[in-house]
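Before any comments, here is the structure.
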Amino acid sequence: MARIPKLIVFDLDHTLWPFKIDECVFPFRRKSDGRVVDGSNTNELKLFPEVLETLQTLRDEKHCLAVASRIKDIAGAYQVLHFLQIYNLFTFVKIYPGYKIPHFRMLQRKSGIDFVDMLFFDDDRRNLRDVKRLGVTTFQVIEGINKKTVENGFTEFANKFSSTSDN
């Protein structure tokens, strides 16, 4: 049986949703029709099409999920996670500006899960490169999280272990 990650970590901007929180106009609000908009009332904030279903499936399968994001507007990011109704799908949420390494060190301390047992999805190659140095399996997201991207990430994770056991 293929090895699976014990912690699956997601970036936010351009990974779960197709915008940058720090470029949106605060305050954010949820309208009576359920849409989430920024303060300009012209920008609708929504997830990539398959994100909600993919995250729900992972949680239903008992995977531990986390967020690691370098967003400067920390309160805004939390607010959008709540408004888009995905906050409660994550066991750990680490949002603050700066280098991603402290996010993962905190996730490791809080979860007790070794870096080698983590899988990280992000659109930014710099973040992936930095986190990979810790031993985390990383996977670049091109057009947002979807089922196929997650499957490919799981394959990459499993392959990392099958290639080391073949030596």
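Ordered as shown in the structure tokens, chains take letters A, B, and onward, while each chain numbers its residues from 1 and ligands are numbered from 1 in the order shown.
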DSSP alpha helix (DSSP H) selection over chain A, as a VMD selection string: chain A and resid 51 to 60 74 to 83 101 to 111 125 to 132 147 to 165
Rows by chain and residue number, stretch 122-149 of chain A within 12 Å of stretch 28-47 of chain A, shortest pair, only C-alpha atoms, as JSON lines:
{"residue": "A:Glu143", "atom": "CA", "partner": "A:Leu47", "partner_atom": "CA", "distance": 11.4}
{"residue": "A:Gly144", "atom": "CA", "partner": "A:Leu47", "partner_atom": "CA", "distance": 8.7}
{"residue": "A:Ile145", "atom": "CA", "partner": "A:Leu47", "partner_atom": "CA", "distance": 9.3}
{"residue": "A:Asn146", "atom": "CA", "partner": "A:Leu47", "partner_atom": "CA", "distance": 10.7}
For the selection you just gave me, I'd like the residues written to a file as an mmCIF file, in the first residue's frame, keeping N, CA, C and O atoms.
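Written out: selection.cif:
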data_model
loop_
_atom_site.group_PDB
_atom_site.id
_atom_site.type_symbol
_atom_site.label_atom_id
_atom_site.label_comp_id
_atom_site.auth_asym_id
_atom_site.auth_seq_id
_atom_site.Cartn_x
_atom_site.Cartn_y
_atom_site.Cartn_z
ATOM 1 N N GLU A 143 -3.444 25.947 -11.535
ATOM 2 C CA GLU A 143 -4.766 26.571 -11.701
ATOM 3 C C GLU A 143 -5.663 26.291 -10.501
ATOM 4 O O GLU A 143 -6.844 26.008 -10.668
ATOM 5 N N GLY A 144 -5.126 26.326 -9.319
ATOM 6 C CA GLY A 144 -5.918 26.074 -8.120
ATOM 7 C C GLY A 144 -6.017 24.601 -7.786
ATOM 8 O O GLY A 144 -5.752 23.732 -8.603
ATOM 9 N N ILE A 145 -6.397 24.336 -6.555
ATOM 10 C CA ILE A 145 -6.551 22.962 -6.068
ATOM 11 C C ILE A 145 -7.772 22.322 -6.733
ATOM 12 O O ILE A 145 -8.833 22.933 -6.821
ATOM 13 N N ASN A 146 -7.564 21.095 -7.176
ATOM 14 C CA ASN A 146 -8.653 20.270 -7.677
ATOM 15 C C ASN A 146 -8.301 18.809 -7.387
ATOM 16 O O ASN A 146 -7.215 18.527 -6.870
#
Contact residues around A:Gly153 with only C-alpha atoms at 9 Å, ignoring same-chain residues under 2 positions, as a ChimeraX atom specification: /A:119-121,137-140,148-151,155-158
Spatial neighbours of A:Arg59, 10 Å, only C-alpha atoms, chain gap at least 4 places, as a VMD selection string: chain A and resid 53 to 55 63 to 65 89 to 91
Nearest to A:Arg70, chosen from A:Phe26, A:Phe19, A:Tyr96, A:Phe154, with only C-alpha atoms counted in the distances: A:Tyr96
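In this model, the gap between atom CA of A:Phe48 and atom CA of A:Val9 comes to 16.5 Å.
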Residue with smallest distance to A:Glu61 - pool A:Val141, A:Leu81, A:Ile4, A:Val136, counting only C-alpha atoms: A:Ile4
DSSP strand (DSSP E) selection over stretch 108-145 of chain A, as number ranges by chain: A: 118-122, 137-140
A:Gly112, A:Gly76, A:Gly135, A:Pro102 ranked by distance to A:Lys20, top pick (using only C-alpha atoms): A:Gly76
Residue nearest A:Ile113 - candidates A:Leu12, A:Ala66, A:Pro27, A:Ile21, atoms counted: only C-alpha atoms: A:Ala66
